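Chemist: Structure supplied as coords_15.csv; contents: CSV, C-alpha atoms and all ligand atoms.
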chain,number,residue,atom,x,y,z
K,1,MET,CA,121.7,29.6,28.6
K,2,THR,CA,124.9,31.3,27.4
K,3,THR,CA,127.2,33.0,29.8
K,4,LYS,CA,127.0,36.8,29.6
K,5,LYS,CA,130.3,38.6,29.1
K,6,ALA,CA,131.1,42.0,30.6
K,7,LEU,CA,134.0,44.3,30.1
K,8,ILE,CA,134.9,46.7,33.0
K,9,THR,CA,137.2,49.7,32.5
K,10,GLY,CA,138.7,51.0,35.8
K,11,LEU,CA,138.8,47.4,37.2
K,12,THR,CA,141.6,48.3,39.6
K,13,GLY,CA,139.5,51.2,41.1
K,14,GLN,CA,137.0,51.1,43.9
K,15,ASP,CA,133.9,50.6,41.8
K,16,GLY,CA,135.5,48.3,39.3
K,17,SER,CA,136.5,45.9,42.0
K,18,TYR,CA,133.0,45.7,43.5
K,19,LEU,CA,131.3,45.5,40.1
K,20,ALA,CA,133.6,42.6,39.2
K,21,GLU,CA,132.5,40.8,42.4
K,22,LEU,CA,128.9,41.4,41.6
K,23,LEU,CA,129.1,40.2,38.0
K,24,LEU,CA,131.1,37.1,38.9
K,25,ALA,CA,128.5,36.2,41.5
K,26,LYS,CA,125.8,36.5,38.8
K,27,GLY,CA,127.7,34.1,36.6
K,28,TYR,CA,129.2,36.6,34.1
K,29,GLU,CA,132.5,36.1,32.3
K,30,VAL,CA,134.3,39.2,33.4
K,31,PHE,CA,137.0,41.1,31.5
K,32,GLY,CA,138.8,44.0,33.1
K,33,LEU,CA,140.7,46.6,31.2
K,34,VAL,CA,143.9,47.5,32.9
K,35,ARG,CA,146.6,50.0,31.8
K,36,ARG,CA,150.2,49.2,32.1
K,37,SER,CA,152.1,50.4,35.2
K,38,SER,CA,155.6,49.8,36.3
K,39,THR,CA,154.5,48.5,39.7
K,40,SER,CA,151.4,46.4,40.4
K,41,ASN,CA,148.2,48.3,41.1
K,42,LEU,CA,146.0,45.2,41.5
K,43,GLU,CA,145.6,45.5,45.3
K,44,ARG,CA,141.8,45.9,45.2
K,45,ILE,CA,141.3,42.9,42.9
K,46,HIS,CA,144.0,40.6,44.3
K,47,HIS,CA,141.3,38.3,45.7
K,48,LEU,CA,139.7,38.0,42.3
K,49,SER,CA,142.9,36.7,40.6
K,50,GLY,CA,142.1,33.8,38.3
K,51,THR,CA,138.4,34.7,38.1
K,52,VAL,CA,138.6,38.0,36.2
K,53,GLN,CA,140.4,38.1,32.8
K,54,ILE,CA,142.7,41.0,32.7
K,55,VAL,CA,143.1,42.7,29.3
K,56,SER,CA,145.6,45.4,28.5
K,57,GLY,CA,144.4,48.7,27.2
K,58,ASP,CA,144.2,52.4,27.8
K,59,LEU,CA,141.5,55.0,27.4
K,60,LEU,CA,144.1,57.2,25.7
K,61,ASP,CA,144.6,54.6,22.9
K,62,GLN,CA,141.8,54.0,20.5
K,63,SER,CA,143.3,50.9,18.8
K,64,SER,CA,143.8,49.2,22.2
K,65,LEU,CA,140.1,49.7,22.9
K,66,MET,CA,139.0,48.4,19.5
K,67,ASP,CA,141.2,45.3,19.9
K,68,VAL,CA,139.9,44.5,23.4
K,69,ILE,CA,136.2,44.9,22.4
K,70,SER,CA,136.7,42.9,19.2
K,71,GLU,CA,138.4,40.1,21.1
K,72,CYS,CA,136.2,40.0,24.2
K,73,GLN,CA,132.9,40.6,22.4
K,74,PRO,CA,131.2,41.8,25.6
K,75,ASP,CA,127.5,42.0,26.0
K,76,GLU,CA,127.9,44.7,28.6
K,77,ILE,CA,130.6,47.4,28.9
K,78,TYR,CA,131.0,49.5,32.1
K,79,ASN,CA,133.2,52.5,31.8
K,80,LEU,CA,134.4,53.3,35.3
K,81,ALA,CA,137.9,54.4,34.3
K,82,SER,CA,138.7,58.1,34.7
K,83,GLN,CA,141.0,60.6,36.4
K,84,SER,CA,138.6,60.9,39.4
K,85,TYR,CA,140.4,63.2,41.8
K,86,ILE,CA,139.0,66.8,41.6
K,87,PRO,CA,142.1,68.7,43.0
K,88,LEU,CA,144.3,67.0,40.4
K,89,SER,CA,141.9,68.1,37.7
K,90,TRP,CA,143.0,71.7,38.4
K,91,THR,CA,146.7,70.9,38.2
K,92,GLN,CA,146.4,68.5,35.3
K,93,PRO,CA,143.3,69.8,33.4
K,94,SER,CA,144.4,68.6,29.9
K,95,LEU,CA,145.2,65.0,31.1
K,96,THR,CA,141.9,64.9,33.0
K,97,ALA,CA,140.1,65.9,29.7
K,98,GLU,CA,142.0,63.2,27.8
K,99,TYR,CA,141.0,60.4,30.3
K,100,THR,CA,137.7,61.5,31.5
K,101,ALA,CA,136.2,63.2,28.4
K,102,LEU,CA,137.9,62.1,25.2
K,103,GLY,CA,138.5,58.6,26.6
K,104,VAL,CA,134.8,58.2,26.5
K,105,SER,CA,134.6,59.3,22.9
K,106,ARG,CA,137.2,56.8,22.0
K,107,LEU,CA,135.3,54.1,23.8
K,108,LEU,CA,131.9,54.9,22.3
K,109,GLU,CA,133.4,55.0,18.8
K,110,SER,CA,135.1,51.6,19.5
K,111,ILE,CA,131.7,50.2,20.6
K,112,ARG,CA,130.0,51.6,17.5
K,113,ARG,CA,132.5,50.0,15.2
K,114,CYS,CA,133.3,46.7,16.9
K,115,LYS,CA,130.2,45.7,19.0
K,116,PRO,CA,127.3,48.0,18.4
K,117,ASP,CA,124.8,45.7,20.2
K,118,ALA,CA,126.8,45.9,23.5
K,119,LYS,CA,125.1,47.7,26.4
K,120,PHE,CA,127.1,50.6,27.7
K,121,TYR,CA,127.2,52.2,31.1
K,122,GLN,CA,129.0,55.5,31.6
K,123,ALA,CA,130.0,56.7,35.1
K,124,SER,CA,128.7,60.2,35.2
K,125,SER,CA,129.1,62.3,38.3
K,126,SER,CA,127.1,64.7,40.4
K,127,GLU,CA,130.1,67.1,39.7
K,128,VAL,CA,128.4,67.9,36.4
K,129,PHE,CA,125.9,69.9,38.4
K,130,GLY,CA,128.7,72.0,40.1
K,131,GLN,CA,126.7,74.8,41.6
K,132,PRO,CA,123.2,73.7,40.8
K,133,ASP,CA,120.3,76.0,40.7
K,134,GLU,CA,118.0,73.5,42.3
K,135,SER,CA,118.3,71.1,45.2
K,136,PRO,CA,117.8,68.2,45.2
K,137,GLN,CA,119.0,67.6,41.6
K,138,THR,CA,117.1,65.4,39.2
K,139,GLU,CA,118.0,63.9,35.8
K,140,LEU,CA,116.6,67.2,34.2
K,141,THR,CA,118.7,69.7,36.4
K,142,ALA,CA,121.0,71.9,34.3
K,143,PHE,CA,124.7,71.1,34.2
K,144,ARG,CA,126.9,73.9,35.7
K,145,PRO,CA,130.2,72.2,36.3
K,146,ARG,CA,132.8,74.2,38.4
K,147,ASN,CA,136.0,72.2,38.0
K,148,PRO,CA,137.8,70.5,35.1
K,149,TYR,CA,136.7,67.1,36.3
K,150,GLY,CA,133.1,68.1,36.2
K,151,VAL,CA,133.5,69.7,32.8
K,152,ALA,CA,135.1,66.5,31.4
K,153,LYS,CA,132.3,64.4,32.9
K,154,ALA,CA,129.7,66.7,31.4
K,155,TYR,CA,131.3,66.2,27.9
K,156,ALA,CA,131.4,62.4,28.4
K,157,HIS,CA,127.7,62.4,29.6
K,158,TRP,CA,126.5,64.3,26.5
K,159,MET,CA,128.6,62.2,24.1
K,160,THR,CA,127.0,59.1,25.6
K,161,VAL,CA,123.5,60.5,25.2
K,162,ASN,CA,124.4,61.6,21.6
K,163,TYR,CA,125.7,58.2,20.6
K,164,ARG,CA,122.5,56.7,22.0
K,165,GLN,CA,120.3,59.1,19.9
K,166,LYS,CA,122.4,59.1,16.7
K,167,TYR,CA,123.5,55.5,16.5
K,168,ASN,CA,120.8,53.8,18.6
K,169,LEU,CA,123.3,52.3,21.0
K,170,TYR,CA,122.1,51.0,24.3
K,171,ALA,CA,124.2,53.6,26.2
K,172,CYS,CA,123.3,55.2,29.5
K,173,CYS,CA,124.7,57.4,32.2
K,174,GLY,CA,124.5,56.9,36.0
K,175,ILE,CA,124.9,60.3,37.6
K,176,THR,CA,126.5,59.1,40.8
K,177,TYR,CA,127.0,61.0,44.0
K,178,THR,CA,129.9,60.4,46.4
K,179,HIS,CA,130.1,56.7,47.3
K,180,GLU,CA,132.5,55.2,49.8
K,181,SER,CA,133.9,51.9,50.9
K,182,PRO,CA,136.9,50.3,52.6
K,183,ARG,CA,138.5,50.4,49.1
K,184,ARG,CA,138.1,54.2,48.7
K,185,GLY,CA,141.4,56.1,48.3
K,186,THR,CA,142.6,57.8,51.6
K,187,GLU,CA,142.9,61.1,49.7
K,188,PHE,CA,139.1,61.4,49.9
K,189,VAL,CA,137.7,62.9,53.1
K,190,PHE,CA,135.7,59.9,54.2
K,191,ARG,CA,138.6,57.5,54.3
K,192,LYS,CA,140.9,60.2,55.5
K,193,ILE,CA,138.7,60.5,58.6
K,194,THR,CA,138.0,56.8,59.2
K,195,GLN,CA,141.7,56.0,58.8
K,196,ALA,CA,142.8,58.8,61.2
K,197,VAL,CA,140.2,57.7,63.8
K,198,ALA,CA,141.6,54.1,63.6
K,199,GLN,CA,145.1,55.4,64.0
K,200,ILE,CA,144.2,57.7,67.0
K,201,LYS,CA,142.2,54.8,68.6
K,202,LEU,CA,145.3,52.6,68.4
K,203,GLY,CA,147.7,55.3,69.6
K,204,LEU,CA,149.4,55.7,66.3
K,205,ALA,CA,148.3,59.4,65.8
K,206,ASN,CA,146.9,62.1,68.0
K,207,GLU,CA,145.5,64.7,65.6
K,208,LEU,CA,143.2,65.0,62.6
K,209,LYS,CA,143.4,68.2,60.5
K,210,LEU,CA,140.3,69.0,58.5
K,211,GLY,CA,138.9,71.9,56.4
K,212,ASN,CA,135.2,72.9,56.4
K,213,LEU,CA,133.3,70.8,58.9
K,214,ASP,CA,130.0,72.2,57.7
K,215,ALA,CA,130.5,70.9,54.1
K,216,ARG,CA,127.7,68.4,53.3
K,217,ARG,CA,127.8,65.4,51.0
K,218,ASP,CA,125.3,62.9,49.7
K,219,TRP,CA,127.3,59.8,50.8
K,220,PHE,CA,126.4,56.1,50.2
K,221,TYR,CA,128.0,52.7,49.8
K,222,ALA,CA,129.9,51.7,46.7
K,223,GLN,CA,128.3,48.2,46.7
K,224,ASP,CA,124.9,49.9,46.4
K,225,ALA,CA,126.2,52.0,43.5
K,226,VAL,CA,127.5,49.1,41.4
K,227,TYR,CA,124.2,47.2,41.9
K,228,ALA,CA,122.4,50.3,40.4
K,229,MET,CA,124.9,50.2,37.4
K,230,TRP,CA,124.1,46.6,36.7
K,231,LEU,CA,120.3,47.2,37.0
K,232,MET,CA,120.5,50.0,34.5
K,233,LEU,CA,121.9,47.6,31.9
K,234,GLN,CA,119.1,45.0,32.5
K,235,GLN,CA,116.3,47.1,31.1
K,236,ASP,CA,114.5,47.0,27.7
K,237,ARG,CA,115.4,50.6,27.0
K,238,PRO,CA,118.5,52.7,27.9
K,239,ASP,CA,118.0,55.7,30.1
K,240,ASP,CA,120.0,58.0,32.5
K,241,TYR,CA,119.5,57.9,36.3
K,242,ILE,CA,120.6,59.7,39.4
K,243,ILE,CA,122.3,57.3,41.8
K,244,ALA,CA,122.5,58.7,45.3
K,245,SER,CA,121.3,58.3,48.9
K,246,GLY,CA,118.9,61.2,48.7
K,247,GLU,CA,120.2,62.7,51.9
K,248,THR,CA,123.2,64.7,53.0
K,249,HIS,CA,125.4,64.6,56.1
K,250,SER,CA,128.1,67.1,57.2
K,251,VAL,CA,131.8,66.3,57.6
K,252,LYS,CA,131.1,67.1,61.3
K,253,GLU,CA,128.4,64.4,61.5
K,254,LEU,CA,130.9,62.0,60.0
K,255,VAL,CA,133.6,62.9,62.5
K,256,GLU,CA,131.2,62.7,65.4
K,257,CYS,CA,129.9,59.3,64.3
K,258,ALA,CA,133.3,57.8,63.7
K,259,PHE,CA,134.9,59.0,67.0
K,260,GLU,CA,131.9,58.1,69.0
K,261,TYR,CA,131.9,54.6,67.5
K,262,VAL,CA,135.4,54.0,68.9
K,263,GLY,CA,134.6,55.7,72.2
K,264,LEU,CA,136.5,58.9,71.8
K,265,ASN,CA,135.5,62.6,71.9
K,266,TRP,CA,136.2,64.1,68.5
K,267,GLN,CA,136.9,67.6,69.9
K,268,ASP,CA,140.0,66.3,71.7
K,269,TYR,CA,141.6,65.5,68.3
K,270,VAL,CA,140.2,67.5,65.4
K,271,SER,CA,141.7,70.8,64.4
K,272,ILE,CA,140.7,73.1,61.5
K,273,ASP,CA,143.3,73.8,58.9
K,274,PRO,CA,142.3,76.4,56.3
K,275,ALA,CA,144.7,74.7,53.8
K,276,PHE,CA,142.2,71.8,53.6
K,277,TYR,CA,139.3,74.1,52.6
K,278,ARG,CA,138.2,73.0,49.1
K,279,PRO,CA,138.3,76.2,47.0
K,280,ASP,CA,135.0,75.6,45.2
K,281,GLU,CA,132.8,73.9,47.7
K,282,PRO,CA,129.7,72.6,45.9
K,283,ILE,CA,126.6,73.7,47.8
K,284,GLN,CA,123.9,71.2,48.5
K,285,LEU,CA,124.7,68.5,46.0
K,286,ILE,CA,121.9,66.1,46.8
K,287,GLY,CA,120.4,63.6,44.5
K,288,CYS,CA,116.7,63.0,43.9
K,289,ILE,CA,116.3,59.2,43.6
K,290,ASP,CA,112.6,59.2,42.7
K,291,LYS,CA,113.3,58.0,39.1
K,292,ILE,CA,115.6,55.1,39.8
K,293,SER,CA,113.5,53.9,42.8
K,294,SER,CA,110.2,54.1,41.0
K,295,GLN,CA,111.4,52.7,37.6
K,296,LEU,CA,114.1,50.2,38.7
K,297,GLY,CA,113.1,49.6,42.3
K,298,TRP,CA,116.6,50.6,43.5
K,299,GLN,CA,117.2,52.0,47.0
K,300,PRO,CA,120.5,52.2,48.9
K,301,GLN,CA,120.7,49.3,51.4
K,302,TYR,CA,123.3,50.9,53.8
K,303,SER,CA,122.6,53.8,56.1
K,304,PHE,CA,125.2,56.5,56.7
K,305,GLU,CA,125.9,55.3,60.2
K,306,LYS,CA,126.2,51.7,59.1
K,307,LEU,CA,128.7,52.8,56.4
K,308,VAL,CA,130.8,54.8,58.8
K,309,LYS,CA,131.0,51.9,61.2
K,310,LEU,CA,131.9,49.4,58.4
K,311,ILE,CA,134.8,51.5,57.2
K,312,VAL,CA,136.1,52.4,60.7
K,313,ASP,CA,136.1,48.6,61.5
K,314,TYR,CA,138.0,47.9,58.3
K,315,ASP,CA,140.6,50.6,59.1
K,316,LEU,CA,141.0,49.3,62.6
K,317,LYS,CA,141.5,45.7,61.5
K,318,LYS,CA,144.0,46.8,58.8
K,319,LEU,CA,146.2,48.4,61.4
K,320,LEU,CA,146.1,45.6,64.0
K,401,LIG,P1,139.0,55.3,41.1
K,401,LIG,O1,139.0,54.4,42.3
K,401,LIG,O2,139.7,56.5,41.1
K,401,LIG,O3,139.4,54.3,39.9
K,401,LIG,C1,139.6,54.9,38.6
K,401,LIG,C2,140.0,53.8,37.7
K,401,LIG,O4,140.3,54.4,36.4
K,401,LIG,C3,141.3,53.1,38.1
K,401,LIG,O5,141.1,51.7,37.8
K,401,LIG,C4,142.3,53.6,37.1
K,401,LIG,O6,143.4,52.7,36.8
K,401,LIG,C5,141.5,53.8,35.9
K,401,LIG,N1,142.1,54.6,34.8
K,401,LIG,C6,142.4,55.9,35.0
K,401,LIG,N2,142.9,56.4,33.8
K,401,LIG,C7,142.9,55.4,32.9
K,401,LIG,C8,143.2,55.2,31.5
K,401,LIG,N3,143.8,56.2,30.8
K,401,LIG,N4,143.0,54.0,30.9
K,401,LIG,C9,142.4,53.0,31.6
K,401,LIG,N5,142.1,53.1,32.9
K,401,LIG,C10,142.3,54.2,33.6
K,401,LIG,O7,137.4,55.6,40.8
K,401,LIG,P2,136.1,55.0,41.5
K,401,LIG,O8,135.9,55.7,42.8
K,401,LIG,O9,136.1,53.6,41.4
K,401,LIG,O10,135.0,55.7,40.5
K,401,LIG,C11,134.6,54.9,39.3
K,401,LIG,C12,134.0,55.9,38.3
K,401,LIG,O11,132.9,56.6,38.9
K,401,LIG,C13,135.0,57.0,37.9
K,401,LIG,O12,134.8,57.3,36.5
K,401,LIG,C14,134.7,58.2,38.8
K,401,LIG,O13,135.0,59.4,38.1
K,401,LIG,C15,133.1,58.0,38.9
K,401,LIG,N6,132.5,58.6,40.1
K,401,LIG,C16,133.0,58.2,41.3
K,401,LIG,C17,132.4,58.7,42.4
K,401,LIG,C18,132.8,58.2,43.8
K,401,LIG,O14,132.3,58.8,44.8
K,401,LIG,N7,133.6,57.2,43.9
K,401,LIG,C19,131.3,59.6,42.3
K,401,LIG,C20,130.9,60.0,41.1
K,401,LIG,C21,131.5,59.4,39.9
K,401,LIG,P3,144.8,52.7,37.6
K,401,LIG,O15,144.6,51.8,38.8
K,401,LIG,O16,145.8,52.3,36.6
K,401,LIG,O17,145.1,54.2,38.1
I'd like the structure from this file rewritten - as structure tokens, please.
Ligand code: NAP

Modeler:
Amino acid sequence: MTTKKALITGLTGQDGSYLAELLLAKGYEVFGLVRRSSTSNLERIHHLSGTVQIVSGDLLDQSSLMDVISECQPDEIYNLASQSYIPLSWTQPSLTAEYTALGVSRLLESIRRCKPDAKFYQASSSEVFGQPDESPQTELTAFRPRNPYGVAKAYAHWMTVNYRQKYNLYACCGITYTHESPRRGTEFVFRKITQAVAQIKLGLANELKLGNLDARRDWFYAQDAVYAMWLMLQQDRPDDYIIASGETHSVKELVECAFEYVGLNWQDYVSIDPAFYRPDEPIQLIGCIDKISSQLGWQPQYSFEKLVKLIVDYDLKKLL
């Protein structure tokens, strides 16, 4: 049996690092597209050095994508690269569109020209639904994005669907809800909370400022997310799927769970700062996972409580 080859864009990000681990464990030859930076950004994949082949390229540069695909000849391509931070998409909307929207056009066009039989996964986002008119959302729910990141992801989503229909590519989108892990950036609220709880527990901080405690999210574990991505490319036909936990929890529940786990009372440390209110809070973004569970047999393996404890443990250990 020949070894399958996979190319991952966004290798240095949260999902890229977990997906690389999964594919290596399954015996794939793994290539990771990394853009140049003046300082090393390989922290999340340090432990994979020597096992993943790093190739240089950028979603902003069509010829680099064509070169990489021609040279690697991947059987599967996972596009996880994007400008993924919503607040930044308001201050840098054009750059967000270049990475997150047009970058996907460049990649699809490169696949069409250089390796049209490669299977392609596009990281879509629940932010395409923005303020949805139904809850939970399904694969058929209308897109009403409410920030430049969501608009860019909606463009990328429909380009992927269009390339599938027009050129018969095996191209599919995973509409993923918020997923977390010890490798999540601390600018995102989940890690902001778990890191602060660890600092407070160890006497390194005494306050945690948050915005809207009633905001609810459909949170799940990044390792569950990347397994769903891989499953989507193992089918006979390409299709789009919601990838989510199918339940929501409030920021307050997250805070309570994390503080309780380390034996502290959250009300002694948490204060509300209106500066942290997200201006356009999505209401009830919750994914319906009926399609992916019935057709692919996928279910998240980690509960919300287990995930909170896993990440708090990591943040505590990191500070010790
Ligand atoms: P992440 O940690 O922010 O990683 C983003 C990756 O994209 C990084 O490796 C980054 O490289 C790379 N990148 C950015 N611009 C690039 C460019 N011009 N060329 C090449 N690479 C570039 O994101 P993540 O959490 O792993 O998410 C993976 C994907 O899923 C993203 O597309 C995200 O939008 C989407 N998504 C994530 C979530 C979530 O909850 N995590 C939910 C829905 C959808 P550098 O290291 O060089 O910056």

Chemist: List as a ChimeraX atom specification the protein and nucleic acid residues lying within 8 Å of ligand LIG 401 (chain K), with all atoms listed in the file counted.

Modeler: /K:9-17,33-37,41-42,57-60,79-85,98-100,103,122-127,153,175-180,183-185,219,222

Chemist: Kindly export the residues of the current selection with C-alpha atoms, as a PDB file, in the coordinates of the input.

Modeler:
ATOM      1  CA  THR K   9     137.200  49.700  32.500  1.00  0.00           C
ATOM      2  CA  GLY K  10     138.700  51.000  35.800  1.00  0.00           C
ATOM      3  CA  LEU K  11     138.800  47.400  37.200  1.00  0.00           C
ATOM      4  CA  THR K  12     141.600  48.300  39.600  1.00  0.00           C
ATOM      5  CA  GLY K  13     139.500  51.200  41.100  1.00  0.00           C
ATOM      6  CA  GLN K  14     137.000  51.100  43.900  1.00  0.00           C
ATOM      7  CA  ASP K  15     133.900  50.600  41.800  1.00  0.00           C
ATOM      8  CA  GLY K  16     135.500  48.300  39.300  1.00  0.00           C
ATOM      9  CA  SER K  17     136.500  45.900  42.000  1.00  0.00           C
ATOM     10  CA  LEU K  33     140.700  46.600  31.200  1.00  0.00           C
ATOM     11  CA  VAL K  34     143.900  47.500  32.900  1.00  0.00           C
ATOM     12  CA  ARG K  35     146.600  50.000  31.800  1.00  0.00           C
ATOM     13  CA  ARG K  36     150.200  49.200  32.100  1.00  0.00           C
ATOM     14  CA  SER K  37     152.100  50.400  35.200  1.00  0.00           C
ATOM     15  CA  ASN K  41     148.200  48.300  41.100  1.00  0.00           C
ATOM     16  CA  LEU K  42     146.000  45.200  41.500  1.00  0.00           C
ATOM     17  CA  GLY K  57     144.400  48.700  27.200  1.00  0.00           C
ATOM     18  CA  ASP K  58     144.200  52.400  27.800  1.00  0.00           C
ATOM     19  CA  LEU K  59     141.500  55.000  27.400  1.00  0.00           C
ATOM     20  CA  LEU K  60     144.100  57.200  25.700  1.00  0.00           C
ATOM     21  CA  ASN K  79     133.200  52.500  31.800  1.00  0.00           C
ATOM     22  CA  LEU K  80     134.400  53.300  35.300  1.00  0.00           C
ATOM     23  CA  ALA K  81     137.900  54.400  34.300  1.00  0.00           C
ATOM     24  CA  SER K  82     138.700  58.100  34.700  1.00  0.00           C
ATOM     25  CA  GLN K  83     141.000  60.600  36.400  1.00  0.00           C
ATOM     26  CA  SER K  84     138.600  60.900  39.400  1.00  0.00           C
ATOM     27  CA  TYR K  85     140.400  63.200  41.800  1.00  0.00           C
ATOM     28  CA  GLU K  98     142.000  63.200  27.800  1.00  0.00           C
ATOM     29  CA  TYR K  99     141.000  60.400  30.300  1.00  0.00           C
ATOM     30  CA  THR K 100     137.700  61.500  31.500  1.00  0.00           C
ATOM     31  CA  GLY K 103     138.500  58.600  26.600  1.00  0.00           C
ATOM     32  CA  GLN K 122     129.000  55.500  31.600  1.00  0.00           C
ATOM     33  CA  ALA K 123     130.000  56.700  35.100  1.00  0.00           C
ATOM     34  CA  SER K 124     128.700  60.200  35.200  1.00  0.00           C
ATOM     35  CA  SER K 125     129.100  62.300  38.300  1.00  0.00           C
ATOM     36  CA  SER K 126     127.100  64.700  40.400  1.00  0.00           C
ATOM     37  CA  GLU K 127     130.100  67.100  39.700  1.00  0.00           C
ATOM     38  CA  LYS K 153     132.300  64.400  32.900  1.00  0.00           C
ATOM     39  CA  ILE K 175     124.900  60.300  37.600  1.00  0.00           C
ATOM     40  CA  THR K 176     126.500  59.100  40.800  1.00  0.00           C
ATOM     41  CA  TYR K 177     127.000  61.000  44.000  1.00  0.00           C
ATOM     42  CA  THR K 178     129.900  60.400  46.400  1.00  0.00           C
ATOM     43  CA  HIS K 179     130.100  56.700  47.300  1.00  0.00           C
ATOM     44  CA  GLU K 180     132.500  55.200  49.800  1.00  0.00           C
ATOM     45  CA  ARG K 183     138.500  50.400  49.100  1.00  0.00           C
ATOM     46  CA  ARG K 184     138.100  54.200  48.700  1.00  0.00           C
ATOM     47  CA  GLY K 185     141.400  56.100  48.300  1.00  0.00           C
ATOM     48  CA  TRP K 219     127.300  59.800  50.800  1.00  0.00           C
ATOM     49  CA  ALA K 222     129.900  51.700  46.700  1.00  0.00           C
TER      50      ALA K 222
END

Chemist: One number please: atom CA of K:Asp315 to atom CA of K:Glu207, in Å, one decimal.

Modeler: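 Distance reported for this atom pair: 16.3 Å.
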
Chemist: Do you have, as CSV, the list of residues of stretch 237-289 of chain K lying at most 7 Å from stretch 189-200 of chain K, each with its nearest atom pair and that distance in Å to one decimal, counting only C-alpha atoms and ordered by chain then number?

Modeler:
residue,atom,partner,partner_atom,distance
K:Val255,CA,K:Ile193,CA,6.9
K:Ala258,CA,K:Thr194,CA,6.6
K:Phe259,CA,K:Val197,CA,6.3

Chemist: Export, as an mmCIF file, in the coordinates of the input, the selected residues with C-alpha atoms.

Modeler:
data_model
loop_
_atom_site.group_PDB
_atom_site.id
_atom_site.type_symbol
_atom_site.label_atom_id
_atom_site.label_comp_id
_atom_site.auth_asym_id
_atom_site.auth_seq_id
_atom_site.Cartn_x
_atom_site.Cartn_y
_atom_site.Cartn_z
ATOM 1 C CA VAL K 255 133.600 62.900 62.500
ATOM 2 C CA ALA K 258 133.300 57.800 63.700
ATOM 3 C CA PHE K 259 134.900 59.000 67.000
#

Chemist: So how far away is atom CA of K:Lys309 from atom CA of K:Glu260, in Å?

Modeler: 10.0 Å

Chemist: In Å, rounded to a single decimal, give me how far atom CA of K:Glu43 is from atom CA of K:Leu320.

Modeler: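 Here the two named atoms are 18.7 Å from each other.
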
Chemist: My list of candidates is K:Tyr121, K:Phe276, K:Tyr269, K:Tyr241. Which is closest to K:Leu296 when distances are computed with all atoms listed in the file?

Modeler: K:Tyr241

Chemist: Closest to K:Gly174 among K:Val262, K:Ile292, K:Leu95, K:Val68, using all atoms listed in the file?

Modeler: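 With all atoms listed in the file as the atom set, the closest residue is K:Ile292.
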
Chemist: May I have the residues at most 10 Å from (122.8, 77.5, 38.6) in the file's coordinates, counting all atoms listed in the file, as a list in words?

Modeler: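 Protein, DNA and RNA residues close to (122.8, 77.5, 38.6): Phe129, Gly130, Gln131, Pro132, Asp133, Glu134, Thr141, Ala142, Phe143, Arg144 and Pro145 of chain K.
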
Chemist: Skip K:Pro74 itself and residues of its chain fewer than 2 positions away, then list as a list in words all residues within 9 Å of it, counting all atoms listed in the file.

Modeler: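 Within the cut-off, the hits are Lys4, Lys5, Ala6, Leu7, Glu29, Val30, Phe31, Ile69, Ser70, Glu71, Cys72, Glu76, Ile77, Lys115, Ala118 and Lys119 of chain K.
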
Chemist: In terms of the shortest atom-to-atom distance over all atoms listed in the file, which of K:Ala244, K:Cys288, K:Leu254, K:Leu310 is closest to K:Pro136?

Modeler: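 Ranked by minimum distance to K:Pro136, first place goes to K:Cys288.
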
Chemist: Find the spatial neighbours of K:Gln235, counting all atoms listed in the file, within a cut-off of 12 Å - ignore same-chain residues fewer than 5 positions away - and output them as number ranges by chain.

Modeler: K: 119-120, 170-172, 228-230, 240, 292, 295-297

Chemist: Using only C-alpha atoms for the distances, tell me which of K:Leu319, K:Val128, K:Ala101, K:Val226 is nearest to K:Glu21.

Modeler: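 Among K:Leu319, K:Val128, K:Ala101, K:Val226, it is K:Val226 that comes nearest to K:Glu21.
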
Chemist: Pick the closest to K:Leu208 from K:Tyr227, K:Tyr261, K:Tyr221, K:Trp266: which is it, counting all atoms listed in the file?

Modeler: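 Nearest to K:Leu208: K:Trp266.
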
Chemist: What are the closest atom pairs, with distances in Å to one decimal, for each residue of stretch 236-313 of chain K lying within 12 Å of stretch 162-166 of chain K, using only C-alpha atoms, rows by chain and rising residue number, as CSV?

Modeler:
residue,atom,partner,partner_atom,distance
K:Arg237,CA,K:Arg164,CA,10.6
K:Pro238,CA,K:Arg164,CA,8.2
K:Asp239,CA,K:Arg164,CA,9.3
K:Asp240,CA,K:Arg164,CA,10.9

Chemist: With only C-alpha atoms as the counted atoms, please give the residues lying no more than 9 Å from K:Leu48, apart from itself and same-chain residues fewer than 3 positions off, as a PyMOL selection string.

Modeler: chain K and resi 17+20-21+44-45+51-52

Chemist: So, counting all atoms listed in the file, which residue among K:Cys173, K:Arg217, K:Ala205, K:Glu187 is closest to K:Ala154?

Modeler: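 Looking at the shortest contact to K:Ala154, the residue is K:Cys173.
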
Chemist: What's the 7 Å shell around K:Tyr149, counting all atoms listed in the file, without same-chain residues fewer than 6 positions away, as a list of chain:residue names?

Modeler: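 Everything that qualifies: K:Ile86, K:Ser89, K:Thr96.
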